[in-house]
Amino acid sequence: MTQNHYDVIVVGGGVSGAALFYELGRYTDVKKICLLEKYGSLSSLNSNGSANSQTIHCGDIETNYTLEKAAKVKRTAKMVEKYCLQYNYEDKVIFSHQKLALGVGSEEVNFIKNRYKEFKTLYPYLEFYTKKQLAEIEPAVIFDKNGKERPEDIVGMGAQNEFTTVDFKALSDSFIDNTLKIEDKVTDIFFNNEVKEIQKIGSTYHVQTTMSQFTADFVVVNAGAHSLFLAHKMGHGLDYGCLPVAGSFYMGNRKILNGKVYMVQNPKLPFAALHGDPDILVNGFTRFGPTALVLPKLERFKSGTYLDFFKTLRFDFVVMKIFYDLFRDSDIRNYVLKNFLFEVPGLNKKLFIQDARKIVPSLSEDDISYAKGFGGVRPQILDKINQKLMLGEASIDTGEGIIFNMTPSPGATSCLGNAVRDVEVICKHLGLNFDEKLFNDELVEDEITEEESV
Ligand SMILES: Cc1cc2nc3c(=O)[nH]c(=O)nc-3n(C[C@H](O)[C@H](O)[C@H](O)COP(=O)(O)OP(=O)(O)OC[C@H]3O[C@@H](n4cnc5c(N)ncnc54)[C@H](O)[C@@H]3O)c2cc1C
């Protein structure tokens with residue numbers, strides 16, 4: 001075997017790749033692992049704090065999640081929290097803010113009331129807020145620019161003392177730092193190594209990068225939107241296409257909100273309604289967004305991925321039919337048009353502010369500006385067999401020693417959960433041991449029911 005041979009190669013140094021690297025190092029008896037990253041640092045794309053909303057999506061205030069989905073994300077979100085507490089990363093990687101979901105108008109008020117009852121079973125710490133209580137804890141959602149209470153019925157549900165926010169780039173850096181400290185393993189990282197080609201010869205994977213060649217017994221591709229691009233090159237995942245949906249933000253000129261404020265989701269729309277969040281990398285100033293705009297490229301602020309987009313979309317009659325079905329709905333048509341206009345200079349702020357005023361009625365154009373350089377791309381998957389746009393994450397486990405992961409939101413929150421799913425597959429395939437007890441002791445939270453918490 002050559003010096004460049006590894007038991008496992010992880011492609012992509014975003015938070016997903018970094019989390020997998022850490023779990024392989026800490027919880028398995030693998031001997032040689034390697035991470036290959038295209039750029040010169042970790043998490044320069046979607047896992048960067050300026051690209052995403054920095055939210056731990058644990059399912060309590062995300063009104064687009066069903067109770068079943070919420071239970072799933074809660075388990076993996078807790079892993080991130082437990083990891084951060086294990087290494088004392090409070091206020092360095094993980095942060096705590098007040099958070100709430102707002103219901104505005106009688107229909108949404110009823111929705112929040114019912115949801116509060118249902119979701120309190122899973123999240124015993126949830127609190128219900130009347131208009132009066134909201135005026136105290138989050139006054140900006142109640143008072144207009146003249147200091148008068150907004151006329152609509154309004155309530156909220158949320159929490160005060162939970163961890164809500166993560167710097168996912170700092171989290172990625174910590175995963176790698178902690179893996180490099182492990183002494184009895186080879187843990188190599190190669191930056192500026194874009195994977196161009198992966199070939200299986202016999203039972204070995206040959207990975208060609210822009211700089212060198214590597215071989216491995218198992219490969220996991222965590223390359224964001226490029227995961228599907230690389231899968232297609234190898235003939236995998238041909239029933240999927242990738243639709244890159246960019247998200248942009250508007251930055252407040254101060255702390256307009258005390259914490260995170262989410263809104264009730266229109267169930268027909270594929271993405272979360274816009275929200276306001278304290279940006280931990282910009283003095284806690286309130287950042288509003290994200291918007292949702294289909295872009296013909298796989299990386300938001302990098303050049304040269306237009307062709308990759310067209311190849312990964314795999315445009316054909318079925319893709320056309322999926323678009324046609326989506327656009328037949330007037331809610332979706334208007335949503336797509338509006339989100340396009342949110343990017344048009346001159347018009348964008350005026351239109352965006354109308355939506356944002358549902359959260360902060362006093363908001364004026366001087367309070368926010370288009371956040372240049374902020375935002376990323378959600379690699380949404382078009383499922384050609386079922387002819388629909390998939391809303392969550394997707395993973396292609398070929399069963400042949402290579403896995404491809406596509407991770408739109410809440411992929412950063414579920415990085416440790418996705419990684420352990422892959423660790424188990426890798427261990428089985430390579431005959432390695434996974435220390436499940438240590439993993440559960442360190443990262444899995446015991447279930448706490450509502451009865452136990454009172
Ligand atoms: C606007 C927006 C808001 C979001 N908000 C949230 C949020 O609040 N909470 C949350 O949990 N999630 C959020 N998400 C989703 C979250 O950002 C992603 O799920 C997560 O960052 C994905 O991490 P990743 O490591 O899989 O991919 P990425 O972060 O995209 O990393 C992929 C890595 O692979 C590398 N790479 C690509 N191609 C190659 C190649 N050929 N060879 C080698 N390396 C390669 C890239 O350089 C990159 O470093 C948001 C996303 C967007 C766009």
# chains A, B, ... in the order shown; residues from 1 in each chain; ligands from 1

$ select_by_dssp --residues "segment 86-204 of chain A" --states "strand (DSSP E)" --output "ChimeraX atom specification"
/A:94-96,99-104,127-129,154-159,163-166,186-190,195-201,204

$ write_last_selection --atoms "C-alpha atoms" --output "mmCIF file, in the first residue's frame"
data_model
loop_
_atom_site.group_PDB
_atom_site.id
_atom_site.type_symbol
_atom_site.label_atom_id
_atom_site.label_comp_id
_atom_site.auth_asym_id
_atom_site.auth_seq_id
_atom_site.Cartn_x
_atom_site.Cartn_y
_atom_site.Cartn_z
ATOM 1 C CA ILE A 94 -22.355 27.704 21.371
ATOM 2 C CA PHE A 95 -24.502 30.568 22.641
ATOM 3 C CA SER A 96 -27.768 31.035 24.453
ATOM 4 C CA LYS A 99 -36.155 32.354 21.251
ATOM 5 C CA LEU A 100 -39.773 32.318 20.170
ATOM 6 C CA ALA A 101 -42.191 31.555 17.351
ATOM 7 C CA LEU A 102 -44.774 34.294 16.762
ATOM 8 C CA GLY A 103 -48.386 33.858 15.737
ATOM 9 C CA VAL A 104 -49.917 37.037 14.255
ATOM 10 C CA GLU A 127 -43.314 28.704 27.488
ATOM 11 C CA PHE A 128 -46.411 30.398 26.110
ATOM 12 C CA TYR A 129 -46.342 34.214 25.776
ATOM 13 C CA ILE A 154 -50.457 38.094 18.738
ATOM 14 C CA VAL A 155 -48.958 35.311 20.874
ATOM 15 C CA GLY A 156 -45.693 33.416 21.029
ATOM 16 C CA MET A 157 -44.184 30.174 22.230
ATOM 17 C CA GLY A 158 -40.534 29.820 23.078
ATOM 18 C CA ALA A 159 -37.821 29.479 25.680
ATOM 19 C CA PHE A 163 -28.692 27.003 23.784
ATOM 20 C CA THR A 164 -29.912 28.404 20.495
ATOM 21 C CA THR A 165 -26.961 29.496 18.427
ATOM 22 C CA VAL A 166 -23.767 27.953 17.071
ATOM 23 C CA VAL A 186 -3.015 8.853 11.510
ATOM 24 C CA THR A 187 -5.347 11.825 11.017
ATOM 25 C CA ASP A 188 -4.297 13.816 7.942
ATOM 26 C CA ILE A 189 -5.895 16.922 6.471
ATOM 27 C CA PHE A 190 -5.101 18.223 3.018
ATOM 28 C CA VAL A 195 -11.424 16.060 -5.580
ATOM 29 C CA LYS A 196 -11.812 15.784 -9.333
ATOM 30 C CA GLU A 197 -12.377 12.075 -9.839
ATOM 31 C CA ILE A 198 -13.133 9.018 -7.729
ATOM 32 C CA GLN A 199 -12.697 5.568 -9.263
ATOM 33 C CA LYS A 200 -13.238 2.154 -7.774
ATOM 34 C CA ILE A 201 -10.605 -0.360 -8.818
ATOM 35 C CA THR A 204 -10.085 0.240 -3.450
#

$ closest_residue --among "A:Ala18, A:Ile426, A:Val444, A:Val377" --to "Thr179 of chain A" --atoms "only C-alpha atoms"
A:Ala18

$ residues_around --residues "Gly14 of chain A" --least-positions-apart "3" --cutoff "8 Å" --atoms "only C-alpha atoms" --output "ChimeraX atom specification"
/A:17-18,42-47,169,172,222-224

$ atom_distance --atom1 "atom 18 (C, counted along the ligand's line) of ligand 1" --atom2 "atom CA of Lys82 of chain A"
19.5 Å

$ closest_residue --among "A:Lys92, A:Gly376, A:Ile61, A:Glu118" --to "Lys302 of chain A" --atoms "only C-alpha atoms"
A:Gly376

$ closest_residue --among "A:Asp173, A:Ile368, A:Arg357, A:Ile256" --to "Asn48 of chain A" --atoms "only C-alpha atoms"
A:Asp173

$ select_by_dssp --residues "segment 161-195 of chain A" --states "helix (DSSP H, G or I)" --output "number ranges by chain"
A: 168-180

$ write_last_selection --atoms "N, CA and C atoms" --output "mmCIF file, in the first residue's frame"
data_model
loop_
_atom_site.group_PDB
_atom_site.id
_atom_site.type_symbol
_atom_site.label_atom_id
_atom_site.label_comp_id
_atom_site.auth_asym_id
_atom_site.auth_seq_id
_atom_site.Cartn_x
_atom_site.Cartn_y
_atom_site.Cartn_z
ATOM 1 N N PHE A 168 -20.933 27.632 13.410
ATOM 2 C CA PHE A 168 -20.656 26.306 12.850
ATOM 3 C C PHE A 168 -19.239 26.192 12.269
ATOM 4 N N LYS A 169 -18.633 27.332 11.937
ATOM 5 C CA LYS A 169 -17.221 27.263 11.497
ATOM 6 C C LYS A 169 -16.334 26.967 12.704
ATOM 7 N N ALA A 170 -16.596 27.644 13.816
ATOM 8 C CA ALA A 170 -15.813 27.373 15.028
ATOM 9 C C ALA A 170 -16.024 25.925 15.482
ATOM 10 N N LEU A 171 -17.256 25.437 15.303
ATOM 11 C CA LEU A 171 -17.543 24.039 15.658
ATOM 12 C C LEU A 171 -16.703 23.106 14.780
ATOM 13 N N SER A 172 -16.642 23.390 13.483
ATOM 14 C CA SER A 172 -15.842 22.567 12.557
ATOM 15 C C SER A 172 -14.376 22.595 12.975
ATOM 16 N N ASP A 173 -13.855 23.784 13.250
ATOM 17 C CA ASP A 173 -12.443 23.901 13.662
ATOM 18 C C ASP A 173 -12.183 23.057 14.909
ATOM 19 N N SER A 174 -13.143 23.082 15.842
ATOM 20 C CA SER A 174 -12.939 22.343 17.101
ATOM 21 C C SER A 174 -12.946 20.836 16.843
ATOM 22 N N PHE A 175 -13.821 20.371 15.924
ATOM 23 C CA PHE A 175 -13.838 18.934 15.598
ATOM 24 C C PHE A 175 -12.452 18.498 15.117
ATOM 25 N N ILE A 176 -11.883 19.319 14.242
ATOM 26 C CA ILE A 176 -10.588 18.942 13.659
ATOM 27 C C ILE A 176 -9.483 19.038 14.725
ATOM 28 N N ASP A 177 -9.456 20.133 15.490
ATOM 29 C CA ASP A 177 -8.435 20.272 16.553
ATOM 30 C C ASP A 177 -8.479 19.079 17.490
ATOM 31 N N ASN A 178 -9.676 18.680 17.890
ATOM 32 C CA ASN A 178 -9.791 17.573 18.848
ATOM 33 C C ASN A 178 -9.408 16.232 18.217
ATOM 34 N N THR A 179 -9.613 16.087 16.928
ATOM 35 C CA THR A 179 -9.222 14.829 16.267
ATOM 36 C C THR A 179 -7.695 14.775 16.118
ATOM 37 N N LEU A 180 -7.100 15.924 15.800
ATOM 38 C CA LEU A 180 -5.640 15.935 15.600
ATOM 39 C C LEU A 180 -4.887 15.637 16.902
#

$ residues_around --residues "Val141 of chain A" --least-positions-apart "4" --cutoff "10 Å" --atoms "only C-alpha atoms" --output "list in words"
Leu102, Lys131, Leu134, Ala135, Ile137, Glu149, Arg150, Ile154, Ile256, Leu257, Val261, Arg357, Lys358, Ile359, Val360, Pro361, Ser362 and Leu363 of chain A

$ residues_around --residues "segment 275-285 of chain A" --least-positions-apart "6" --cutoff "7 Å" --atoms "only C-alpha atoms" --output "list in words"
Gly252, Asn253, Arg254, Lys255, Ile256, Gly259, Lys260, Val261, Tyr262 and Met263 of chain A

$ residues_around --residues "Tyr205 of chain A" --least-positions-apart "6" --cutoff "9 Å" --atoms "only C-alpha atoms" --output "ChimeraX atom specification"
/A:198-199,214-219,401-402

$ write_last_selection --atoms "C-alpha atoms" --output "short mmCIF file (atom, residue, chain, number, x, y, z; two decimals), in the first residue's frame"
data_model
loop_
_atom_site.label_atom_id
_atom_site.label_comp_id
_atom_site.auth_asym_id
_atom_site.auth_seq_id
_atom_site.Cartn_x
_atom_site.Cartn_y
_atom_site.Cartn_z
CA ILE A 198 -13.13 9.02 -7.73
CA GLN A 199 -12.70 5.57 -9.26
CA PHE A 214 -5.02 9.10 -2.65
CA THR A 215 -6.52 5.66 -2.12
CA ALA A 216 -8.96 4.42 0.49
CA ASP A 217 -11.06 1.44 1.52
CA PHE A 218 -14.07 3.69 2.19
CA VAL A 219 -14.99 7.20 1.02
CA GLY A 401 -18.00 1.53 0.38
CA ILE A 402 -18.88 5.05 -0.72
#

$ residues_around --residues "Cys415 of chain A" --least-positions-apart "6" --cutoff "7 Å" --atoms "only C-alpha atoms" --output "ChimeraX atom specification"
/A:15-16,19

$ write_last_selection --atoms "N, CA and C atoms" --output "CSV table (one decimal), in the first residue's frame"
chain,number,residue,atom,x,y,z
A,15,VAL,N,-18.9,21.5,8.0
A,15,VAL,CA,-19.2,21.0,9.4
A,15,VAL,C,-19.6,19.5,9.3
A,16,SER,N,-20.1,19.0,8.2
A,16,SER,CA,-20.5,17.6,8.1
A,16,SER,C,-19.2,16.7,8.0
A,19,ALA,N,-17.3,16.8,11.4
A,19,ALA,CA,-18.0,16.0,12.4
A,19,ALA,C,-17.7,14.5,12.2

$ atom_distance --atom1 "atom CA of Leu228 of chain A" --atom2 "atom CA of Lys78 of chain A"
28.1 Å
